[in-house]
Amino acid sequence: MHLSSRQTDIMGIAKQQGRVLVDELAARFAVSPQTIRKDLNDLCDGRALIRMHGGALFPSGNENVRYEARRSMAAAEKQAIGRAAASIIPDQSSLFINIGTTTEAVGDALVDHRELMVITNNINVANRLRVFPLIEVVIAGGVVRGSDGGIVGEAAVDFIRQFKVDFAVIGVSAIDEDGALLDFDFREVKVAQAIIENARHVILVSDASKFDRTAPVRIGHISQVHTFITDRCTSENVRGVCAAQDIRLIETNSRPE
């Protein structure tokens, strides 16, 4: 899903306020209500927003956003996070990369690395990296989820448990105020848990929007990771957990207050 500049701005307002209204947006952007309705219809069709009478809601609770829409959201932030993660992964390393648009950005940033072994349950990452001769790609077996190309299920879990790697790059759907890491699909969570358990250094990558969302299934806790990379940590509680647990916090878009 490609977002126009106005639709990107609408998503930013919806994220900040929780909802947007047609009349308010029409006045803000100096366009007709019909134009705004078309924007909202496009965003809702892509599940970036949820339609309501007179406007739209930013997704929360059990509503997940369609994968292609997630790719377009915070794209620049995800690219910066990907570069930061790649910079701490040396050549000649072994690593897991799990499902997610931010973890895909890490994969994109690894293409100049040499002699990597990348084990993944993300078809998109595997397809991106397979053409680079100095990167060995190992892909998990299991059920392929049609919505995003993620490989999930017990077969994928058993496959992951065969390895013990240097790094794991994981993404999540939400980060709770207490530091809980959350997702929507219990099958994906089982794979993520196996990845965490079988890596020497766990890197969590997540843009700041994950602090504003929630999801029903618990992966684990941020205290289980070694490095947390985000564009901006907006939760002071999570920041405190990182400090208390000696978790390296990297903010790619940190600005002084």
# chains A, B, ... in the order shown; residues from 1 in each chain; ligands from 1
call {"tool": "select_by_dssp", "arguments": {"residues": "segment 75-227 of chain A", "states": "strand (DSSP E or B)", "output": "PyMOL selection string"}}
result
chain A and resi 94-97+116-120+122+135-139+143-145+150-152+165-170+174-175+180-183+199-205+217-221+227
call {"tool": "residues_around", "arguments": {"residues": "segment 92-94 of chain A", "least_positions_apart": "2", "cutoff": "9 Å", "atoms": "only C-alpha atoms", "output": "PDB file with all heavy atoms, in the first residue's frame"}}
result
ATOM      1  N   ILE A  89      26.193  -5.895  14.300  1.00  0.00           N
ATOM      2  CA  ILE A  89      26.336  -7.303  13.921  1.00  0.00           C
ATOM      3  C   ILE A  89      27.583  -7.431  13.050  1.00  0.00           C
ATOM      4  O   ILE A  89      27.626  -6.902  11.941  1.00  0.00           O
ATOM      5  CB  ILE A  89      25.093  -7.811  13.173  1.00  0.00           C
ATOM      6  CG1 ILE A  89      23.859  -7.759  14.077  1.00  0.00           C
ATOM      7  CG2 ILE A  89      25.324  -9.231  12.646  1.00  0.00           C
ATOM      8  CD1 ILE A  89      22.561  -8.045  13.369  1.00  0.00           C
ATOM      9  N   PRO A  90      28.637  -8.081  13.532  1.00  0.00           N
ATOM     10  CA  PRO A  90      29.874  -8.152  12.751  1.00  0.00           C
ATOM     11  C   PRO A  90      29.794  -9.194  11.633  1.00  0.00           C
ATOM     12  O   PRO A  90      28.908 -10.058  11.616  1.00  0.00           O
ATOM     13  CB  PRO A  90      30.919  -8.563  13.791  1.00  0.00           C
ATOM     14  CG  PRO A  90      30.139  -9.329  14.813  1.00  0.00           C
ATOM     15  CD  PRO A  90      28.769  -8.714  14.856  1.00  0.00           C
ATOM     16  N   PHE A  96      19.493 -15.108  13.978  1.00  0.00           N
ATOM     17  CA  PHE A  96      18.086 -15.291  13.659  1.00  0.00           C
ATOM     18  C   PHE A  96      17.495 -13.944  13.275  1.00  0.00           C
ATOM     19  O   PHE A  96      17.855 -12.907  13.842  1.00  0.00           O
ATOM     20  CB  PHE A  96      17.296 -15.785  14.879  1.00  0.00           C
ATOM     21  CG  PHE A  96      17.626 -17.162  15.364  1.00  0.00           C
ATOM     22  CD1 PHE A  96      17.973 -17.371  16.692  1.00  0.00           C
ATOM     23  CD2 PHE A  96      17.553 -18.255  14.527  1.00  0.00           C
ATOM     24  CE1 PHE A  96      18.240 -18.635  17.175  1.00  0.00           C
ATOM     25  CE2 PHE A  96      17.833 -19.539  14.990  1.00  0.00           C
ATOM     26  CZ  PHE A  96      18.174 -19.721  16.319  1.00  0.00           C
ATOM     27  N   HIS A 113      27.302  -7.145   4.423  1.00  0.00           N
ATOM     28  CA  HIS A 113      28.057  -7.969   5.362  1.00  0.00           C
ATOM     29  C   HIS A 113      28.635  -9.196   4.645  1.00  0.00           C
ATOM     30  O   HIS A 113      28.134  -9.621   3.598  1.00  0.00           O
ATOM     31  CB  HIS A 113      27.173  -8.415   6.522  1.00  0.00           C
ATOM     32  CG  HIS A 113      26.998  -7.372   7.581  1.00  0.00           C
ATOM     33  ND1 HIS A 113      26.589  -6.087   7.305  1.00  0.00           N
ATOM     34  CD2 HIS A 113      27.180  -7.425   8.930  1.00  0.00           C
ATOM     35  CE1 HIS A 113      26.521  -5.399   8.447  1.00  0.00           C
ATOM     36  NE2 HIS A 113      26.882  -6.195   9.441  1.00  0.00           N
ATOM     37  N   ARG A 114      29.636  -9.781   5.253  1.00  0.00           N
ATOM     38  CA  ARG A 114      30.326 -10.924   4.660  1.00  0.00           C
ATOM     39  C   ARG A 114      30.260 -12.125   5.593  1.00  0.00           C
ATOM     40  O   ARG A 114      30.369 -11.991   6.811  1.00  0.00           O
ATOM     41  CB  ARG A 114      31.795 -10.580   4.387  1.00  0.00           C
ATOM     42  CG  ARG A 114      31.992  -9.369   3.476  1.00  0.00           C
ATOM     43  CD  ARG A 114      33.438  -8.928   3.436  1.00  0.00           C
ATOM     44  NE  ARG A 114      34.290  -9.948   2.860  1.00  0.00           N
ATOM     45  CZ  ARG A 114      34.519 -10.095   1.549  1.00  0.00           C
ATOM     46  NH1 ARG A 114      33.946  -9.261   0.691  1.00  0.00           N
ATOM     47  NH2 ARG A 114      35.300 -11.050   1.096  1.00  0.00           N
ATOM     48  N   GLU A 115      30.054 -13.280   4.991  1.00  0.00           N
ATOM     49  CA  GLU A 115      30.105 -14.565   5.702  1.00  0.00           C
ATOM     50  C   GLU A 115      29.130 -14.603   6.876  1.00  0.00           C
ATOM     51  O   GLU A 115      29.488 -14.992   7.988  1.00  0.00           O
ATOM     52  CB  GLU A 115      31.536 -14.865   6.150  1.00  0.00           C
ATOM     53  CG  GLU A 115      32.504 -15.005   4.979  1.00  0.00           C
ATOM     54  CD  GLU A 115      33.911 -15.314   5.428  1.00  0.00           C
ATOM     55  OE1 GLU A 115      34.075 -16.190   6.305  1.00  0.00           O
ATOM     56  OE2 GLU A 115      34.843 -14.678   4.924  1.00  0.00           O
ATOM     57  N   LEU A 116      27.907 -14.210   6.609  1.00  0.00           N
ATOM     58  CA  LEU A 116      26.840 -14.326   7.598  1.00  0.00           C
ATOM     59  C   LEU A 116      26.079 -15.629   7.382  1.00  0.00           C
ATOM     60  O   LEU A 116      25.922 -16.085   6.239  1.00  0.00           O
ATOM     61  CB  LEU A 116      25.848 -13.177   7.485  1.00  0.00           C
ATOM     62  CG  LEU A 116      26.284 -11.764   7.843  1.00  0.00           C
ATOM     63  CD1 LEU A 116      25.089 -10.823   7.724  1.00  0.00           C
ATOM     64  CD2 LEU A 116      26.885 -11.698   9.244  1.00  0.00           C
ATOM     65  N   MET A 117      25.589 -16.200   8.462  1.00  0.00           N
ATOM     66  CA  MET A 117      24.561 -17.240   8.375  1.00  0.00           C
ATOM     67  C   MET A 117      23.285 -16.643   8.965  1.00  0.00           C
ATOM     68  O   MET A 117      23.242 -16.290  10.146  1.00  0.00           O
ATOM     69  CB  MET A 117      24.936 -18.511   9.147  1.00  0.00           C
ATOM     70  CG  MET A 117      23.780 -19.521   9.199  1.00  0.00           C
ATOM     71  SD  MET A 117      24.123 -20.970  10.227  1.00  0.00           S
ATOM     72  CE  MET A 117      25.039 -21.959   9.062  1.00  0.00           C
ATOM     73  N   VAL A 118      22.265 -16.502   8.135  1.00  0.00           N
ATOM     74  CA  VAL A 118      20.995 -15.908   8.563  1.00  0.00           C
ATOM     75  C   VAL A 118      19.938 -17.002   8.564  1.00  0.00           C
ATOM     76  O   VAL A 118      19.629 -17.593   7.528  1.00  0.00           O
ATOM     77  CB  VAL A 118      20.566 -14.762   7.630  1.00  0.00           C
ATOM     78  CG1 VAL A 118      19.208 -14.207   8.059  1.00  0.00           C
ATOM     79  CG2 VAL A 118      21.612 -13.654   7.624  1.00  0.00           C
ATOM     80  N   ILE A 119      19.394 -17.271   9.744  1.00  0.00           N
ATOM     81  CA  ILE A 119      18.336 -18.267   9.908  1.00  0.00           C
ATOM     82  C   ILE A 119      17.046 -17.501  10.158  1.00  0.00           C
ATOM     83  O   ILE A 119      16.985 -16.674  11.082  1.00  0.00           O
ATOM     84  CB  ILE A 119      18.644 -19.205  11.087  1.00  0.00           C
ATOM     85  CG1 ILE A 119      20.003 -19.889  10.860  1.00  0.00           C
ATOM     86  CG2 ILE A 119      17.544 -20.236  11.269  1.00  0.00           C
ATOM     87  CD1 ILE A 119      20.767 -20.127  12.120  1.00  0.00           C
ATOM     88  N   LYS A 164      22.156 -22.644  17.853  1.00  0.00           N
ATOM     89  CA  LYS A 164      22.560 -21.706  18.898  1.00  0.00           C
ATOM     90  C   LYS A 164      23.396 -20.642  18.194  1.00  0.00           C
ATOM     91  O   LYS A 164      24.503 -20.923  17.724  1.00  0.00           O
ATOM     92  CB  LYS A 164      23.389 -22.401  19.986  1.00  0.00           C
ATOM     93  CG  LYS A 164      23.725 -21.503  21.170  1.00  0.00           C
ATOM     94  CD  LYS A 164      22.503 -21.243  22.040  1.00  0.00           C
ATOM     95  CE  LYS A 164      22.858 -20.457  23.277  1.00  0.00           C
ATOM     96  NZ  LYS A 164      21.684 -20.245  24.163  1.00  0.00           N
ATOM     97  N   VAL A 165      22.868 -19.412  18.105  1.00  0.00           N
ATOM     98  CA  VAL A 165      23.478 -18.406  17.236  1.00  0.00           C
ATOM     99  C   VAL A 165      24.029 -17.235  18.048  1.00  0.00           C
ATOM    100  O   VAL A 165      23.756 -17.077  19.238  1.00  0.00           O
ATOM    101  CB  VAL A 165      22.468 -17.903  16.190  1.00  0.00           C
ATOM    102  CG1 VAL A 165      21.954 -19.043  15.335  1.00  0.00           C
ATOM    103  CG2 VAL A 165      21.315 -17.152  16.850  1.00  0.00           C
ATOM    104  N   ASP A 166      24.792 -16.387  17.352  1.00  0.00           N
ATOM    105  CA  ASP A 166      25.410 -15.229  18.000  1.00  0.00           C
ATOM    106  C   ASP A 166      24.380 -14.143  18.325  1.00  0.00           C
ATOM    107  O   ASP A 166      24.420 -13.549  19.407  1.00  0.00           O
ATOM    108  CB  ASP A 166      26.482 -14.632  17.080  1.00  0.00           C
ATOM    109  CG  ASP A 166      27.573 -15.625  16.753  1.00  0.00           C
ATOM    110  OD1 ASP A 166      28.010 -16.346  17.680  1.00  0.00           O
ATOM    111  OD2 ASP A 166      27.987 -15.701  15.577  1.00  0.00           O
ATOM    112  N   PHE A 167      23.480 -13.878  17.378  1.00  0.00           N
ATOM    113  CA  PHE A 167      22.525 -12.776  17.539  1.00  0.00           C
ATOM    114  C   PHE A 167      21.113 -13.238  17.150  1.00  0.00           C
ATOM    115  O   PHE A 167      20.948 -14.123  16.319  1.00  0.00           O
ATOM    116  CB  PHE A 167      22.894 -11.586  16.641  1.00  0.00           C
ATOM    117  CG  PHE A 167      24.196 -10.929  16.994  1.00  0.00           C
ATOM    118  CD1 PHE A 167      25.380 -11.344  16.397  1.00  0.00           C
ATOM    119  CD2 PHE A 167      24.246  -9.895  17.919  1.00  0.00           C
ATOM    120  CE1 PHE A 167      26.586 -10.744  16.714  1.00  0.00           C
ATOM    121  CE2 PHE A 167      25.440  -9.289  18.249  1.00  0.00           C
ATOM    122  CZ  PHE A 167      26.618  -9.714  17.646  1.00  0.00           C
ATOM    123  N   ALA A 168      20.130 -12.601  17.761  1.00  0.00           N
ATOM    124  CA  ALA A 168      18.742 -12.718  17.311  1.00  0.00           C
ATOM    125  C   ALA A 168      18.202 -11.312  17.108  1.00  0.00           C
ATOM    126  O   ALA A 168      18.403 -10.436  17.954  1.00  0.00           O
ATOM    127  CB  ALA A 168      17.883 -13.454  18.333  1.00  0.00           C
TER     128      ALA A 168
END
call {"tool": "residues_around", "arguments": {"residues": "Val205 of chain A", "least_positions_apart": "6", "cutoff": "9 Å", "atoms": "only C-alpha atoms", "output": "PyMOL selection string"}}
result
chain A and resi 78+81-82+85+102-103+106+169-172+227-230
call {"tool": "atom_distance", "arguments": {"atom1": "atom CA of Thr120 of chain A", "atom2": "atom CA of Arg200 of chain A"}}
result
16.0 Å
call {"tool": "residues_around", "arguments": {"residues": "segment 180-196 of chain A", "least_positions_apart": "4", "cutoff": "8 Å", "atoms": "only C-alpha atoms", "output": "PyMOL selection string"}}
result
chain A and resi 62+64+96+98+151-154+156-157+160-161+168+170+172-176+202+214-222+224-225
call {"tool": "closest_residue", "arguments": {"among": "A:Thr8, A:Asn121, A:Ser32, A:Gln16", "to": "Ala48 of chain A", "atoms": "only C-alpha atoms"}}
result
A:Thr8
call {"tool": "select_by_dssp", "arguments": {"residues": "segment 41-180 of chain A", "states": "helix (DSSP H, G or I)", "output": "PyMOL selection string"}}
result
chain A and resi 41-45+67-72+75-87+101-109+123-129+154-160
call {"tool": "write_last_selection", "arguments": {"atoms": "C-alpha atoms", "output": "mmCIF file, in the first residue's frame"}}
result
data_model
loop_
_atom_site.group_PDB
_atom_site.id
_atom_site.type_symbol
_atom_site.label_atom_id
_atom_site.label_comp_id
_atom_site.auth_asym_id
_atom_site.auth_seq_id
_atom_site.Cartn_x
_atom_site.Cartn_y
_atom_site.Cartn_z
ATOM 1 C CA ASN A 41 -11.532 4.600 2.618
ATOM 2 C CA ASP A 42 -8.137 3.784 1.089
ATOM 3 C CA LEU A 43 -6.495 3.652 4.521
ATOM 4 C CA CYS A 44 -9.261 1.505 5.952
ATOM 5 C CA ASP A 45 -9.226 -0.829 2.965
ATOM 6 C CA TYR A 67 1.364 -6.158 6.472
ATOM 7 C CA GLU A 68 1.666 -3.940 3.394
ATOM 8 C CA ALA A 69 0.216 -1.013 5.329
ATOM 9 C CA ARG A 70 2.720 -1.596 8.135
ATOM 10 C CA ARG A 71 5.556 -1.426 5.617
ATOM 11 C CA SER A 72 4.528 2.127 4.726
ATOM 12 C CA ALA A 75 9.309 3.600 6.921
ATOM 13 C CA ALA A 76 12.178 6.076 7.444
ATOM 14 C CA GLU A 77 12.332 5.245 11.151
ATOM 15 C CA LYS A 78 12.482 1.523 10.397
ATOM 16 C CA GLN A 79 15.313 2.038 7.915
ATOM 17 C CA ALA A 80 17.330 3.946 10.533
ATOM 18 C CA ILE A 81 16.645 1.214 13.099
ATOM 19 C CA GLY A 82 17.723 -1.394 10.555
ATOM 20 C CA ARG A 83 21.018 0.377 9.914
ATOM 21 C CA ALA A 84 21.692 0.717 13.656
ATOM 22 C CA ALA A 85 21.075 -3.003 14.218
ATOM 23 C CA ALA A 86 23.243 -4.004 11.272
ATOM 24 C CA SER A 87 26.092 -1.841 12.598
ATOM 25 C CA THR A 101 8.582 -5.070 8.772
ATOM 26 C CA THR A 102 11.252 -3.644 11.101
ATOM 27 C CA THR A 103 13.229 -6.892 11.090
ATOM 28 C CA GLU A 104 13.011 -6.794 7.287
ATOM 29 C CA ALA A 105 14.679 -3.374 7.436
ATOM 30 C CA VAL A 106 17.521 -4.997 9.375
ATOM 31 C CA GLY A 107 17.823 -7.618 6.655
ATOM 32 C CA ASP A 108 18.016 -4.880 4.018
ATOM 33 C CA ALA A 109 20.861 -3.238 5.948
ATOM 34 C CA ILE A 123 10.177 -15.463 3.602
ATOM 35 C CA ASN A 124 10.657 -11.802 2.691
ATOM 36 C CA VAL A 125 14.032 -11.663 4.458
ATOM 37 C CA ALA A 126 15.121 -14.957 2.885
ATOM 38 C CA ASN A 127 14.152 -13.794 -0.588
ATOM 39 C CA ARG A 128 15.993 -10.498 -0.137
ATOM 40 C CA LEU A 129 19.255 -12.006 1.127
ATOM 41 C CA GLU A 154 5.528 -26.316 15.855
ATOM 42 C CA ALA A 155 7.688 -27.396 12.907
ATOM 43 C CA ALA A 156 9.247 -23.923 12.806
ATOM 44 C CA VAL A 157 9.824 -24.000 16.571
ATOM 45 C CA ASP A 158 11.542 -27.407 16.375
ATOM 46 C CA PHE A 159 13.693 -26.171 13.498
ATOM 47 C CA ILE A 160 14.846 -23.053 15.389
#
call {"tool": "atom_distance", "arguments": {"atom1": "atom CA of Ser147 of chain A", "atom2": "atom CA of Ala208 of chain A"}}
result
23.1 Å
call {"tool": "closest_residue", "arguments": {"among": "A:Leu204, A:Val22, A:Val131, A:Ile36", "to": "His53 of chain A", "atoms": "only C-alpha atoms"}}
result
A:Val22
call {"tool": "closest_residue", "arguments": {"among": "A:Ser223, A:Asn122, A:Ser235, A:Gln162", "to": "Asp148 of chain A", "atoms": "only C-alpha atoms"}}
result
A:Asn122
